[in-house]
file my_file.cif (mmCIF, C-alpha atoms)
data_run
#
loop_
_atom_site.label_atom_id
_atom_site.label_comp_id
_atom_site.auth_asym_id
_atom_site.auth_seq_id
_atom_site.Cartn_x
_atom_site.Cartn_y
_atom_site.Cartn_z
CA MET A 18 104.70 98.18 154.19
CA ARG A 19 107.36 95.55 154.74
CA ARG A 20 108.50 93.14 152.06
CA TYR A 21 106.87 89.68 151.96
CA HIS A 22 108.89 87.00 150.15
CA LEU A 23 105.98 84.60 149.64
CA PHE A 24 105.70 81.47 147.51
CA GLU A 25 105.61 82.14 143.76
CA TRP A 26 104.74 79.39 141.27
CA GLU A 27 107.14 80.56 138.57
CA ASP A 28 110.09 80.05 140.94
CA GLN A 29 109.47 76.34 141.35
CA PRO A 30 111.73 74.09 139.23
CA TRP A 31 109.01 71.42 139.18
CA LEU A 32 106.37 73.70 137.61
CA PRO A 33 105.26 71.99 134.37
CA VAL A 34 106.41 73.68 131.17
CA VAL A 35 102.82 74.24 130.02
CA PHE A 36 102.23 76.52 133.02
CA ARG A 37 105.65 78.20 132.95
CA ASP A 38 105.34 79.07 129.25
CA TYR A 39 101.77 80.28 129.87
CA LEU A 40 103.02 82.74 132.50
CA THR A 41 105.96 84.04 130.48
CA ASP A 42 103.88 84.32 127.30
CA HIS A 43 101.27 86.40 129.11
CA LEU A 44 103.93 88.65 130.63
CA GLN A 45 105.45 89.11 127.18
CA LEU A 46 102.07 90.14 125.76
CA ALA A 47 101.28 92.49 128.65
CA LEU A 48 104.66 94.21 128.78
CA GLY A 49 105.36 94.19 125.04
CA SER A 50 102.02 95.69 124.04
CA GLY A 51 101.69 99.11 122.46
CA TYR A 52 99.33 100.04 125.31
CA VAL A 53 102.35 100.40 127.60
CA ARG A 54 104.44 102.47 125.18
CA PRO A 55 105.17 105.08 127.91
CA LEU A 56 106.80 102.27 129.88
CA HIS A 57 108.95 101.34 126.87
CA GLN A 58 109.95 104.98 126.43
CA ALA A 59 110.94 105.36 130.09
CA ILE A 60 113.03 102.18 129.98
CA ALA A 61 114.62 103.17 126.66
CA ASP A 62 115.64 106.59 127.98
CA ILE A 63 117.34 105.14 131.05
CA LEU A 64 118.91 102.24 129.17
CA TYR A 65 120.18 104.39 126.30
CA ARG A 66 121.87 106.82 128.71
CA SER A 67 123.55 103.92 130.51
CA MET A 68 124.69 102.20 127.31
CA GLN A 69 126.16 105.44 125.98
CA LYS A 70 128.27 105.76 129.13
CA LEU A 71 129.47 102.18 128.70
CA GLY A 72 130.08 102.56 124.96
CA THR A 73 128.16 99.41 124.07
CA ASN A 74 125.15 98.48 121.97
CA GLU A 75 124.89 94.94 123.41
CA ILE A 76 122.34 93.79 125.98
CA VAL A 77 122.46 90.50 127.88
CA ASP A 78 119.00 89.95 129.32
CA LEU A 79 118.80 87.70 132.37
CA CYS A 80 115.65 85.85 133.47
CA SER A 81 114.11 86.73 130.10
CA GLY A 82 110.99 84.56 130.32
CA GLY A 83 109.20 85.18 127.02
CA GLY A 84 111.15 88.36 126.32
CA GLY A 85 109.18 90.75 128.53
CA PRO A 86 109.23 94.42 127.48
CA LEU A 87 112.80 94.29 126.16
CA LEU A 88 111.91 93.42 122.57
CA ALA A 89 109.49 96.35 122.40
CA VAL A 90 112.12 98.59 123.99
CA GLN A 91 114.63 97.42 121.40
CA ARG A 92 112.21 98.39 118.60
CA TYR A 93 111.59 101.77 120.23
CA MET A 94 115.32 102.48 120.48
CA ARG A 95 115.75 101.59 116.81
CA THR A 96 112.82 103.57 115.42
CA GLU A 97 112.67 106.54 117.81
CA MET A 98 116.31 106.92 118.87
CA ASN A 99 118.09 105.57 115.80
CA PHE A 100 120.07 103.27 118.09
CA GLU A 101 120.55 99.64 117.00
CA THR A 102 121.07 97.10 119.76
CA ILE A 103 122.00 93.43 119.86
CA VAL A 104 120.02 91.52 122.49
CA THR A 105 120.84 88.11 123.94
CA LEU A 106 117.96 86.44 125.81
CA THR A 107 118.79 84.03 128.64
CA ASP A 108 116.88 82.24 131.38
CA LEU A 109 117.29 79.50 133.95
CA TYR A 110 114.15 77.93 132.43
CA PRO A 111 114.20 79.09 128.79
CA ASN A 112 110.86 79.49 127.01
CA LEU A 113 112.26 78.01 123.81
CA LYS A 114 109.20 78.68 121.66
CA ALA A 115 109.17 82.35 122.68
CA PHE A 116 112.94 82.57 122.11
CA GLU A 117 112.50 81.17 118.61
CA ARG A 118 109.72 83.67 117.82
CA ALA A 119 111.93 86.51 119.05
CA GLU A 120 114.84 85.44 116.86
CA LEU A 121 112.67 85.10 113.77
CA SER A 122 111.12 88.55 114.19
CA ALA A 123 114.28 90.54 114.85
CA ASN A 124 116.35 90.32 111.63
CA GLY A 125 119.43 89.03 113.42
CA ASN A 126 119.37 91.57 116.26
CA VAL A 127 118.13 89.05 118.84
CA LYS A 128 120.19 86.06 119.90
CA THR A 129 119.18 83.41 122.40
CA PHE A 130 121.15 81.36 124.89
CA ARG A 131 119.11 78.17 124.92
CA LYS A 132 120.81 76.36 127.78
CA PRO A 133 119.73 77.11 131.37
CA LEU A 134 121.68 80.12 132.63
CA SER A 135 121.81 81.33 136.23
CA ALA A 136 121.86 85.07 136.93
CA PHE A 137 124.32 84.30 139.73
CA ASP A 138 127.11 83.26 137.34
CA VAL A 139 126.87 84.75 133.86
CA PRO A 140 129.67 83.70 131.48
CA SER A 141 132.17 86.45 130.73
CA SER A 142 131.75 85.60 127.05
CA LEU A 143 128.29 87.24 127.16
CA THR A 144 129.27 90.88 126.88
CA GLY A 145 127.17 94.01 127.14
CA ILE A 146 124.99 95.63 129.78
CA ARG A 147 123.01 93.10 131.80
CA THR A 148 119.28 93.68 132.22
CA LEU A 149 116.54 92.19 134.36
CA PHE A 150 112.90 93.03 133.68
CA THR A 151 110.20 92.10 136.22
CA ALA A 152 112.62 89.52 137.63
CA PHE A 153 114.64 91.02 140.48
CA HIS A 154 111.80 90.59 143.00
CA HIS A 155 112.09 86.82 142.57
CA PHE A 156 115.32 86.90 144.58
CA LYS A 157 115.78 87.20 148.31
CA PRO A 158 118.14 90.02 149.40
CA SER A 159 121.14 87.69 149.75
CA GLU A 160 120.48 86.30 146.25
CA ALA A 161 119.87 89.75 144.78
CA LYS A 162 123.28 90.84 146.06
CA ARG A 163 124.89 87.84 144.34
CA ILE A 164 123.46 89.01 141.00
CA LEU A 165 124.83 92.52 141.49
CA LEU A 166 128.22 91.29 142.68
CA ASP A 167 128.59 88.91 139.72
CA ALA A 168 128.16 91.89 137.39
CA CYS A 169 130.71 93.86 139.42
CA ALA A 170 133.22 91.00 139.44
CA LYS A 171 133.04 90.80 135.64
CA ARG A 172 132.99 94.60 135.12
CA CYS A 173 129.59 94.63 133.41
CA GLY A 174 126.96 97.30 133.67
CA ILE A 175 123.63 96.18 135.07
CA ALA A 176 120.14 97.65 134.72
CA ILE A 177 117.15 96.40 136.71
CA PHE A 178 113.57 97.41 135.92
CA GLU A 179 110.35 96.57 137.77
CA PRO A 180 107.09 98.16 136.46
CA PHE A 181 105.23 98.04 139.78
CA GLU A 182 105.69 98.83 143.44
CA ARG A 183 105.03 97.30 146.83
CA SER A 184 101.56 98.22 148.01
CA PHE A 185 98.24 96.53 148.68
CA LYS A 186 96.64 98.60 145.92
CA MET A 187 99.22 97.39 143.40
CA ALA A 188 98.85 93.79 144.60
CA TYR A 189 95.09 93.99 144.00
CA LEU A 190 95.55 95.50 140.53
CA MET A 191 98.10 92.82 139.60
CA GLY A 192 95.83 89.98 140.71
CA TYR A 193 92.65 91.34 139.12
CA SER A 194 94.28 92.25 135.80
CA SER A 195 95.96 88.83 135.61
CA ILE A 196 92.61 87.04 135.82
CA VAL A 197 91.02 89.31 133.19
CA ARG A 198 93.98 89.06 130.82
CA SER A 199 94.08 85.29 131.16
CA LEU A 200 90.45 84.85 130.21
CA LEU A 201 90.39 87.42 127.40
CA LEU A 202 93.82 87.25 125.80
CA THR A 203 94.97 83.63 125.96
CA PRO A 204 93.71 82.97 122.38
CA LYS A 205 96.04 85.73 121.12
CA ILE A 206 99.19 84.07 122.45
CA GLY A 207 100.66 81.52 120.08
CA ARG A 208 98.74 78.36 119.20
CA MET A 209 95.75 77.49 121.35
CA SER A 210 96.75 73.93 122.23
CA PHE A 211 94.33 71.56 123.93
CA GLU A 212 96.45 71.74 127.10
CA ARG A 213 96.34 75.54 127.16
CA PHE A 214 92.57 75.60 126.56
CA LEU A 215 92.06 73.03 129.31
CA ILE A 216 94.07 74.89 132.00
CA THR A 217 92.49 78.24 131.09
CA TYR A 218 88.80 77.61 130.47
CA VAL A 219 87.89 74.11 131.70
CA LEU A 220 90.00 73.79 134.83
CA PRO A 221 91.18 77.42 135.20
CA ALA A 222 94.34 76.69 137.13
CA ALA A 223 96.54 78.88 134.91
CA PRO A 224 94.59 82.16 135.47
CA LEU A 225 94.65 81.54 139.24
CA ILE A 226 98.40 80.82 139.20
CA PHE A 227 98.99 83.93 137.08
CA ALA A 228 96.93 86.05 139.48
CA TRP A 229 98.69 84.66 142.57
CA ASP A 230 102.14 85.34 141.09
CA GLY A 231 101.04 88.87 140.15
CA ILE A 232 99.95 89.61 143.72
CA VAL A 233 103.11 88.14 145.21
CA SER A 234 105.31 90.01 142.71
CA SER A 235 104.04 93.29 144.12
CA LEU A 236 104.52 92.21 147.73
CA ARG A 237 108.05 90.99 146.96
CA SER A 238 109.21 94.09 145.09
CA TYR A 239 112.04 96.27 146.39
CA THR A 240 111.78 99.98 147.14
CA VAL A 241 114.32 102.49 145.84
CA PRO A 242 116.14 102.75 149.22
CA GLU A 243 116.26 98.95 149.47
CA LEU A 244 117.77 98.67 145.98
CA LEU A 245 120.49 101.16 146.87
CA GLU A 246 121.18 99.34 150.13
CA LEU A 247 121.59 96.06 148.24
CA ALA A 248 123.94 97.67 145.74
CA THR A 249 126.23 99.67 148.00
CA THR A 250 128.62 97.13 149.47
CA PRO A 251 132.42 97.17 149.88
CA GLU A 252 132.72 94.79 146.91
CA SER A 253 130.87 97.23 144.65
CA ASP A 254 132.47 100.51 145.73
CA ASP A 255 134.11 100.92 142.28
CA TYR A 256 130.63 101.18 140.72
CA THR A 257 128.28 104.12 140.52
CA TRP A 258 124.69 103.31 141.44
CA GLU A 259 121.48 105.12 140.58
CA ALA A 260 117.96 104.13 141.62
CA GLY A 261 114.63 105.83 141.17
CA GLN A 262 111.00 105.59 140.22
CA VAL A 263 109.29 107.02 137.13
CA PRO A 264 105.50 107.23 136.58
CA THR A 265 104.47 105.69 133.26
CA ALA A 266 100.66 105.69 133.52
CA PRO A 267 97.94 107.98 134.94
CA GLY A 268 97.36 107.61 138.65
CA ASP A 269 100.73 105.88 139.16
CA SER A 270 99.13 102.58 138.11
CA MET A 271 102.41 101.43 136.53
CA PRO A 272 105.40 103.10 138.23
CA LEU A 273 108.78 102.02 136.87
CA THR A 274 111.30 101.29 139.62
CA TYR A 275 114.88 100.95 138.43
CA LEU A 276 118.47 100.39 139.56
CA ILE A 277 121.49 101.11 137.37
CA GLY A 278 125.05 100.07 138.18
CA LEU A 279 128.00 101.12 136.03
CA PRO A 280 131.74 100.59 136.56
CA LYS A 281 133.64 103.77 137.35
#

call {"tool": "encode", "arguments": {"input": "my_file.cif", "output": "structure tokens"}}
result
Amino acid sequence: MRRYHLFEWEDQPWLPVVFRDYLTDHLQLALGSGYVRPLHQAIADILYRSMQKLGTNEIVDLCSGGGGPLLAVQRYMRTEMNFETIVTLTDLYPNLKAFERAELSANGNVKTFRKPLSAFDVPSSLTGIRTLFTAFHHFKPSEAKRILLDACAKRCGIAIFEPFERSFKMAYLMGYSSIVRSLLLTPKIGRMSFERFLITYVLPAAPLIFAWDGIVSSLRSYTVPELLELATTPESDDYTWEAGQVPTAPGDSMPLTYLIGLPK
């Protein structure tokens, strides 16, 4: 099926913070949970191999939201691979409460860049491999190329991970699971403020927004050939590119699509 770049609530700069933090907190819970440990393992294997080639233990995470799966991946790399990493979380719309929680729980191995930071122009002072988790689909092809070319211009490795694929089946699963997770798991995410209770259970706008963005995320996602086409340009010919897809759950319910770019 072709790619549909439809409206997504999280992209809108005017989206109130209460909704934006709701979305990123739920994504952090879903992707950081022990239930998706095979996903963390698959990401860790690919990321570790790439970081070894670069000779770095630093990760600069772009479009971090609430932290996504990266914090769980960092723990996996430490406990299962004996590989300590230093992570810097960044975002154009930082979830400051989630950033603070991440810093406090990581014993100095997580730093946060608390000012808005665009993935199109990352400061050279932020060194290490750049990562994007469940974020690349937010960008149109011309914008996605700008992210890749900024990494190339500054001689940084880049690793992109999307734990879903473009299909109507996946879109349905994303929408349905978002509704269920919203109604069942909201009390487990931080403090249940009056605002959060109101938008979840009284006027359930947040679950509907979460479900819509989940559906659109699937329809916006890039295939492996499309990722390679975006990456292979004359400006990036001094990089090696690898893209693929790895199953991480029975029935391919959570396939991990990835793109890795490393300077030659």

call {"tool": "closest_residue", "arguments": {"input": "my_file.cif", "among": "A:Asp138, A:Asp38, A:Asp78, A:Glu179", "to": "Leu113 of chain A", "atoms": "all atoms listed in the file"}}
result
A:Asp38

call {"tool": "closest_residue", "arguments": {"input": "my_file.cif", "among": "A:Phe185, A:Phe130, A:Tyr39, A:Tyr239", "to": "His22 of chain A", "atoms": "only C-alpha atoms"}}
result
A:Tyr239

call {"tool": "resolve_selection", "arguments": {"input": "my_file.cif", "expression": "the PyMOL selection byres ((chain A and resi 61) around 9)", "output": "VMD selection string"}}
result
chain A and resid 56 to 60 62 to 66 90 to 91 93 to 94 98

call {"tool": "closest_residue", "arguments": {"input": "my_file.cif", "among": "A:Leu279, A:Cys173, A:Ile164, A:Leu273", "to": "Pro55 of chain A", "atoms": "all atoms listed in the file"}}
result
A:Leu273

call {"tool": "atom_distance", "arguments": {"input": "my_file.cif", "atom1": "atom CA of Trp258 of chain A", "atom2": "atom CA of Arg237 of chain A"}}
result
21.4 Å

call {"tool": "residues_around", "arguments": {"input": "my_file.cif", "residues": "segment 202-207 of chain A", "least_positions_apart": "2", "cutoff": "9 Å", "atoms": "all atoms listed in the file", "output": "list in words"}}
result
Tyr39, Asp42, His43, Leu46, Ala115, Val197, Arg198, Ser199, Leu200, Met209, Ser210, Arg213, Phe214 and Thr217 of chain A

call {"tool": "closest_residue", "arguments": {"input": "my_file.cif", "among": "A:Asp254, A:Glu97, A:Asp230, A:Glu120", "to": "His154 of chain A", "atoms": "all atoms listed in the file"}}
result
A:Asp230

call {"tool": "residues_around", "arguments": {"input": "my_file.cif", "residues": "segment 139-149 of chain A", "least_positions_apart": "4", "cutoff": "7 Å", "atoms": "all atoms listed in the file", "output": "VMD selection string"}}
result
chain A and resid 73 75 to 80 135 153 171 173 to 178

call {"tool": "resolve_selection", "arguments": {"input": "my_file.cif", "expression": "the PyMOL selection byres ((chain A and resi 276) around 8)", "output": "VMD selection string"}}
result
chain A and resid 176 to 178 241 244 to 245 258 to 261 274 to 275 277 to 278

call {"tool": "atom_distance", "arguments": {"input": "my_file.cif", "atom1": "atom CA of Asp108 of chain A", "atom2": "atom CA of Val263 of chain A"}}
result
26.5 Å

call {"tool": "closest_residue", "arguments": {"input": "my_file.cif", "among": "A:Asn74, A:Tyr21, A:Asn126, A:Pro33", "to": "Phe156 of chain A", "atoms": "all atoms listed in the file"}}
result
A:Tyr21

call {"tool": "closest_residue", "arguments": {"input": "my_file.cif", "among": "A:Phe227, A:Leu220, A:Leu247, A:Asn99", "to": "Ala161 of chain A", "atoms": "all atoms listed in the file"}}
result
A:Leu247

call {"tool": "atom_distance", "arguments": {"input": "my_file.cif", "atom1": "atom CA of Met18 of chain A", "atom2": "atom CA of Glu243 of chain A"}}
result
12.5 Å

call {"tool": "resolve_selection", "arguments": {"input": "my_file.cif", "expression": "the PyMOL selection byres ((chain A and resi 83) around 7)", "output": "PDB file with C-alpha atoms, in the coordinates of the input"}}
result
ATOM      1  CA  THR A  41     105.960  84.040 130.480  1.00  0.00           C
ATOM      2  CA  ASP A  42     103.880  84.320 127.300  1.00  0.00           C
ATOM      3  CA  GLN A  45     105.450  89.110 127.180  1.00  0.00           C
ATOM      4  CA  SER A  81     114.110  86.730 130.100  1.00  0.00           C
ATOM      5  CA  GLY A  82     110.990  84.560 130.320  1.00  0.00           C
ATOM      6  CA  GLY A  84     111.150  88.360 126.320  1.00  0.00           C
ATOM      7  CA  GLY A  85     109.180  90.750 128.530  1.00  0.00           C
ATOM      8  CA  ASN A 112     110.860  79.490 127.010  1.00  0.00           C
ATOM      9  CA  ALA A 115     109.170  82.350 122.680  1.00  0.00           C
ATOM     10  CA  PHE A 116     112.940  82.570 122.110  1.00  0.00           C
TER      11      PHE A 116
END

call {"tool": "residues_around", "arguments": {"input": "my_file.cif", "residues": "Leu166 of chain A", "least_positions_apart": "4", "cutoff": "7 Å", "atoms": "all atoms listed in the file", "output": "PDB file with C-alpha atoms, keeping the file's coordinate frame"}}
result
ATOM      1  CA  LYS A 162     123.280  90.840 146.060  1.00  0.00           C
ATOM      2  CA  ALA A 170     133.220  91.000 139.440  1.00  0.00           C
ATOM      3  CA  SER A 253     130.870  97.230 144.650  1.00  0.00           C
TER       4      SER A 253
END
